[in-house]
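Engineer: Before I ask anything, let me first share the structure, which is written out below as structure tokens.
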Amino acid sequence: MASTDLKVRPVSGKADTKAFIEVAYRLNGDDPHWVPPLREEVAGTINPKKNGWFSHAEAQLFLAERAGKVVGRISAHIDTLALQMPAEQGFGPGTGFWGLFEAEDPTVAAALIAQAEDWLRAKGMTKALGPVSLSIWEEPGLLVKGHDHPPTVLMGHHPARYQGWIEGVGYGAAKKIVTYDLDISKQFPPIVQRIVAAGEKNPRIHIREVNKAKFAEEAAIILAILNDAWSDNWGFVPLTQPEVDDVGKKLKPLVFNDLIRIAEYDGEPVAFMVTLPDLNEPLKPLKGSLLPFGWAKLLLWLRKPKSRTMRVPLMGVVKRLQSSRLASQLAFMMIEYIRRAAVAKYGASRGEIGWILDDNQGMIAIADAIESKINREYLIYQKAL
């Protein structure tokens, strides 16, 4: 059909919201490596009452229709905290975003992105970055390498054809982010083992498990370290308490004391590492729904998870210790302790670390030292408006 048959309009009401969610399942259903998210989770992400990100952001959702059939979707959004960040860190004044992007063909893709750009211009934005869905802390970037295997928990997965469609409407790469894959069934190289052993002899270092019974207190410690450790990174936007509260509700079932560690130095929390069993493994067969019996299967798995893969989504060391030998030592100790627990208790054999900015030399050095390899690459694109 000609492009004149195509209409892009704002989402309005429950029926549109449902259509916005459902189109992703139709367009990605034939991809054997796509993991259908739970529809309830997607609905929560786009609901301002259930996503703390909206406490400092606004978004408009759009649907593309052709002859009455939904053929694509996109979000356009502005994060007020991103607007306050230094421009040299990637965002700053005039920066808007689009995300939650799905399209049936390049014509639909171009129309959706153009609509998102128009909305951002009307709000005074001078630059668009995407895809970012919705927060930079959620699913940033477009998958450009690693289409041959499923994503781990909280990672995006996109058709390879989207890259050409986005670049075809004038977008260039702003930043590459990557994930690293490693075999955790075997011990790390001798040099790493020696660093860990030396740390264990240092009475000033204490690596402890989190206490899920004190979830709010532990989350506050991790949040404080995170916002300090990542503050100079490209694309940094501080995580806020409303976001932590809402993410905590979703992720609390995936929190296991021995998979999340806090490093203390002279009694002060200075580093952390969060590891999650790969929820996507039991989630994939459910096809986005907990009915009729999916909820029982998922609850059973969560009670005593066995997961081939563990993902490290977050890790940080306070800024004043970064680039020091101590920072690397603490990181290796946390990685090793969690590796042992993951293998012995959860049956894991594979780890995935990321995402990681491709110029984060400290994390790249750690990834190289434990003999991990890049398995997925994502690009965040930008364009002047």
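In the structure tokens, chains take letters A, B, ... by order of appearance, with residues numbered from 1 within each chain and ligands from 1 in the order shown.
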Distance table requested - segment 229-340 of chain A against segment 154-164 of chain A, cut-off 12 Å, only C-alpha atoms: one row per qualifying residue with the closest atom pair and its distance in Å to one decimal, ordered by chain and rising residue number, as CSV.
Structural biologist:
```
residue,atom,partner,partner_atom,distance
A:Val247,CA,A:Leu154,CA,11.3
A:Lys250,CA,A:Leu154,CA,11.3
A:Leu251,CA,A:Leu154,CA,10.3
A:Leu254,CA,A:Leu154,CA,11.8
A:Thr275,CA,A:Leu154,CA,11.9
A:Leu276,CA,A:Leu154,CA,9.8
A:Pro277,CA,A:Leu154,CA,11.1
A:Asp278,CA,A:Leu154,CA,9.0
A:Leu279,CA,A:Leu154,CA,8.8
A:Asn280,CA,A:Leu154,CA,8.4
A:Glu281,CA,A:Leu154,CA,12.0
A:Leu283,CA,A:Leu154,CA,11.7
A:Met310,CA,A:Leu154,CA,11.9
A:Arg311,CA,A:Leu154,CA,9.2
A:Val312,CA,A:Leu154,CA,10.6
A:Pro313,CA,A:Leu154,CA,8.3
A:Leu314,CA,A:Leu154,CA,11.5
```
Engineer: Could you save the residues just selected, with all heavy atoms, as a tab-separated table (two decimals), in the first residue's frame?
Structural biologist:
```tsv
chain	number	residue	atom	x	y	z
A	247	VAL	N	11.04	-0.30	40.80
A	247	VAL	CA	11.89	-1.39	40.30
A	247	VAL	C	12.05	-2.44	41.38
A	247	VAL	O	12.05	-3.65	41.10
A	247	VAL	CB	13.26	-0.85	39.85
A	247	VAL	CG1	14.21	-2.00	39.55
A	247	VAL	CG2	13.11	0.02	38.61
A	250	LYS	N	9.28	-4.92	41.42
A	250	LYS	CA	9.33	-5.88	40.31
A	250	LYS	C	10.46	-6.89	40.49
A	250	LYS	O	10.30	-8.08	40.17
A	250	LYS	CB	9.50	-5.14	38.98
A	250	LYS	CG	8.29	-4.34	38.56
A	250	LYS	CD	8.38	-3.88	37.13
A	250	LYS	CE	9.43	-2.82	36.93
A	250	LYS	NZ	9.43	-2.27	35.55
A	251	LEU	N	11.61	-6.42	40.99
A	251	LEU	CA	12.78	-7.28	41.03
A	251	LEU	C	12.97	-8.02	42.35
A	251	LEU	O	13.79	-8.93	42.43
A	251	LEU	CB	14.04	-6.46	40.73
A	251	LEU	CG	14.16	-5.90	39.32
A	251	LEU	CD1	15.51	-5.22	39.15
A	251	LEU	CD2	13.99	-6.99	38.27
A	254	LEU	N	13.47	-11.62	42.44
A	254	LEU	CA	14.73	-12.09	41.86
A	254	LEU	C	15.93	-11.81	42.73
A	254	LEU	O	17.06	-12.12	42.34
A	254	LEU	CB	14.95	-11.43	40.48
A	254	LEU	CG	14.15	-11.99	39.30
A	254	LEU	CD1	14.48	-11.21	38.04
A	254	LEU	CD2	14.42	-13.46	39.08
A	275	THR	N	23.57	-9.30	40.88
A	275	THR	CA	23.46	-10.41	39.93
A	275	THR	C	22.05	-10.97	40.00
A	275	THR	O	21.50	-11.15	41.09
A	275	THR	CB	24.47	-11.51	40.26
A	275	THR	OG1	25.78	-10.95	40.29
A	275	THR	CG2	24.44	-12.62	39.21
A	276	LEU	N	21.48	-11.24	38.83
A	276	LEU	CA	20.12	-11.78	38.76
A	276	LEU	C	20.12	-13.09	37.99
A	276	LEU	O	20.75	-13.18	36.93
A	276	LEU	CB	19.19	-10.79	38.04
A	276	LEU	CG	19.07	-9.38	38.62
A	276	LEU	CD1	18.22	-8.52	37.70
A	276	LEU	CD2	18.50	-9.40	40.03
A	277	PRO	N	19.42	-14.11	38.49
A	277	PRO	CA	19.23	-15.31	37.67
A	277	PRO	C	18.40	-14.93	36.45
A	277	PRO	O	17.54	-14.04	36.53
A	277	PRO	CB	18.48	-16.27	38.60
A	277	PRO	CG	17.89	-15.42	39.67
A	277	PRO	CD	18.75	-14.20	39.80
A	278	ASP	N	18.66	-15.56	35.33
A	278	ASP	CA	18.04	-15.15	34.08
A	278	ASP	C	16.57	-15.54	34.03
A	278	ASP	O	16.21	-16.65	33.63
A	278	ASP	CB	18.79	-15.75	32.89
A	278	ASP	CG	18.25	-15.21	31.56
A	278	ASP	OD1	17.54	-14.18	31.59
A	278	ASP	OD2	18.54	-15.82	30.52
A	279	LEU	N	15.72	-14.61	34.41
A	279	LEU	CA	14.27	-14.83	34.40
A	279	LEU	C	13.76	-15.16	33.01
A	279	LEU	O	12.71	-15.80	32.86
A	279	LEU	CB	13.57	-13.59	34.95
A	279	LEU	CG	12.04	-13.64	35.07
A	279	LEU	CD1	11.61	-14.70	36.07
A	279	LEU	CD2	11.48	-12.27	35.46
A	280	ASN	N	14.47	-14.72	31.97
A	280	ASN	CA	14.00	-14.97	30.61
A	280	ASN	C	13.95	-16.46	30.28
A	280	ASN	O	13.20	-16.88	29.39
A	280	ASN	CB	14.89	-14.26	29.60
A	280	ASN	CG	14.53	-12.79	29.45
A	280	ASN	OD1	13.62	-12.30	30.11
A	280	ASN	ND2	15.24	-12.09	28.60
A	281	GLU	N	14.73	-17.27	30.97
A	281	GLU	CA	14.71	-18.72	30.70
A	281	GLU	C	13.34	-19.33	30.99
A	281	GLU	O	12.77	-20.01	30.14
A	281	GLU	CB	15.83	-19.42	31.46
A	281	GLU	CG	17.21	-19.06	30.94
A	281	GLU	CD	18.35	-19.70	31.74
A	281	GLU	OE1	18.09	-20.68	32.48
A	281	GLU	OE2	19.50	-19.23	31.63
A	283	LEU	N	10.63	-17.52	31.42
A	283	LEU	CA	9.63	-16.61	30.87
A	283	LEU	C	9.33	-16.90	29.40
A	283	LEU	O	8.18	-16.76	28.95
A	283	LEU	CB	10.13	-15.17	31.01
A	283	LEU	CG	9.10	-14.05	31.08
A	283	LEU	CD1	8.16	-14.24	32.24
A	283	LEU	CD2	9.82	-12.71	31.18
A	310	MET	N	23.48	-16.28	34.56
A	310	MET	CA	23.35	-15.20	35.52
A	310	MET	C	23.74	-13.90	34.84
A	310	MET	O	24.72	-13.86	34.10
A	310	MET	CB	24.28	-15.44	36.72
A	310	MET	CG	23.90	-16.63	37.57
A	310	MET	SD	22.49	-16.25	38.62
A	310	MET	CE	22.07	-17.88	39.24
A	311	ARG	N	22.98	-12.84	35.11
A	311	ARG	CA	23.31	-11.54	34.53
A	311	ARG	C	23.71	-10.55	35.61
A	311	ARG	O	23.06	-10.47	36.66
A	311	ARG	CB	22.14	-10.97	33.74
A	311	ARG	CG	22.54	-9.64	33.08
A	311	ARG	CD	21.41	-8.85	32.50
A	311	ARG	NE	21.91	-7.51	32.20
A	311	ARG	CZ	21.15	-6.43	32.11
A	311	ARG	NH1	19.85	-6.50	32.28
A	311	ARG	NH2	21.69	-5.25	31.85
A	312	VAL	N	24.78	-9.81	35.34
A	312	VAL	CA	25.22	-8.71	36.22
A	312	VAL	C	24.80	-7.40	35.56
A	312	VAL	O	25.48	-6.91	34.65
A	312	VAL	CB	26.74	-8.73	36.44
A	312	VAL	CG1	27.15	-7.57	37.35
A	312	VAL	CG2	27.19	-10.06	37.02
A	313	PRO	N	23.66	-6.83	35.96
A	313	PRO	CA	23.21	-5.58	35.33
A	313	PRO	C	23.85	-4.34	35.92
A	313	PRO	O	23.96	-3.32	35.25
A	313	PRO	CB	21.70	-5.58	35.60
A	313	PRO	CG	21.55	-6.33	36.88
A	313	PRO	CD	22.64	-7.37	36.88
A	314	LEU	N	24.26	-4.43	37.19
A	314	LEU	CA	24.79	-3.24	37.87
A	314	LEU	C	25.98	-3.61	38.74
A	314	LEU	O	25.96	-4.62	39.44
A	314	LEU	CB	23.72	-2.59	38.75
A	314	LEU	CG	22.52	-1.95	38.05
A	314	LEU	CD1	21.49	-1.52	39.07
A	314	LEU	CD2	22.94	-0.77	37.19
```
Engineer: Excluding segment 132-145 of chain A and residues on its chain fewer than 4 positions from it, collect all residues at most 8 Å away from it, counting only C-alpha atoms, and give them as a count of residues only.
Structural biologist: 28
Engineer: With only C-alpha atoms as the basis for distance, which of A:Ala57, A:Ala76, A:Met85, A:Val42 is at the shortest distance from Ser231 of chain A?
Structural biologist: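 The shortest atom-to-atom distance to Ser231 of chain A comes from A:Met85.
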Engineer: Run DSSP on the backbone and tell me which residues of segment 101-212 of chain A come out as alpha helix (DSSP H); list them as a PyMOL selection string.
Structural biologist: chain A and resi 106-122+161-167+190-200
Engineer: Fewer than 2 positions away in the same chain doesn't count, so skip those; otherwise give me all residues within 8 Å of segment 183-190 of chain A, counting only C-alpha atoms, as JSON, numbers by chain.
Structural biologist: {"A": [181, 192, 193, 194, 336, 339, 343, 348, 349, 350, 351, 369, 370, 371, 372]}
Engineer: May I have all residues of segment 49-262 of chain A that DSSP, computed from the backbone, assigns to strand (DSSP E or B), given as a PyMOL selection string?
Structural biologist: chain A and resi 57-66+69-79+95-103+127-130+132-133+139-140+142-145+172-183+205-209+260-262
Engineer: Excluding same-chain residues fewer than 2 positions from Gly267 of chain A, what lies within 10 Å of it counting only C-alpha atoms, as JSON, numbers by chain?
Structural biologist: {"A": [204, 205, 206, 263, 264, 265, 269, 270]}
Engineer: Residues as selected, N, CA and C atoms, written as a PDB file, in the first residue's frame, can you do that?
Structural biologist:
```pdb
ATOM      1  N   ARG A 204      40.854  -5.112  56.422  1.00  0.00           N
ATOM      2  CA  ARG A 204      40.092  -3.885  56.163  1.00  0.00           C
ATOM      3  C   ARG A 204      38.974  -4.131  55.137  1.00  0.00           C
ATOM      4  N   ILE A 205      39.037  -5.264  54.431  1.00  0.00           N
ATOM      5  CA  ILE A 205      38.058  -5.583  53.399  1.00  0.00           C
ATOM      6  C   ILE A 205      37.052  -6.600  53.926  1.00  0.00           C
ATOM      7  N   HIS A 206      35.765  -6.310  53.686  1.00  0.00           N
ATOM      8  CA  HIS A 206      34.707  -7.262  54.031  1.00  0.00           C
ATOM      9  C   HIS A 206      33.703  -7.292  52.885  1.00  0.00           C
ATOM     10  N   ALA A 263      30.642  -4.493  49.124  1.00  0.00           N
ATOM     11  CA  ALA A 263      32.020  -4.498  49.627  1.00  0.00           C
ATOM     12  C   ALA A 263      32.196  -3.340  50.601  1.00  0.00           C
ATOM     13  N   GLU A 264      32.725  -3.667  51.774  1.00  0.00           N
ATOM     14  CA  GLU A 264      32.993  -2.647  52.782  1.00  0.00           C
ATOM     15  C   GLU A 264      34.500  -2.521  52.995  1.00  0.00           C
ATOM     16  N   TYR A 265      34.957  -1.275  53.152  1.00  0.00           N
ATOM     17  CA  TYR A 265      36.374  -1.022  53.423  1.00  0.00           C
ATOM     18  C   TYR A 265      36.441  -0.177  54.684  1.00  0.00           C
ATOM     19  N   PRO A 269      30.551   1.006  53.248  1.00  0.00           N
ATOM     20  CA  PRO A 269      30.175   0.436  51.947  1.00  0.00           C
ATOM     21  C   PRO A 269      30.776   1.258  50.817  1.00  0.00           C
ATOM     22  N   VAL A 270      31.576   0.613  49.958  1.00  0.00           N
ATOM     23  CA  VAL A 270      32.256   1.352  48.896  1.00  0.00           C
ATOM     24  C   VAL A 270      32.045   0.741  47.507  1.00  0.00           C
TER      25      VAL A 270
END
```
Engineer: Measuring atom to atom with only C-alpha atoms, identify which of A:Asp368, A:Ile225, A:Tyr337, A:Asp105 is nearest to Glu268 of chain A.
Structural biologist: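 Between A:Asp368, A:Ile225, A:Tyr337, A:Asp105, the residue approaching Glu268 of chain A most closely is A:Ile225.
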Engineer: Work out how far atom CA of Ala110 of chain A is from atom CA of Leu6 of chain A, in Å to one decimal.
Structural biologist: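 Atom-to-atom, atom CA of Leu6 of chain A and atom CA of Ala110 of chain A are spaced 11.0 Å apart.
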Engineer: Just want the 12 Å neighbourhood of Phe20 of chain A, counted on only C-alpha atoms, with same-chain residues fewer than 4 positions away dropped. Output as a count of residues only.
Structural biologist: 33
Engineer: Give the answer as one residue: which of A:Arg66, A:Arg340, A:His149, A:Lys319 has the shortest atom-to-atom distance to Ala224 of chain A, using only C-alpha atoms?
Structural biologist: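 Of all the options, A:Lys319 lies closest to Ala224 of chain A.
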Engineer: From the set A:Phe332, A:Tyr180, A:Trp230, A:Trp301, which residue has the shortest atom-to-atom contact distance to Gly199 of chain A, counting only C-alpha atoms?
Structural biologist: A:Phe332
Engineer: Could you tell me how far atom CA of Leu129 of chain A sits from atom CA of Gln89 of chain A, in Å to one decimal place?
Structural biologist: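 Separation between atom CA of Gln89 of chain A and atom CA of Leu129 of chain A: 13.1 Å.
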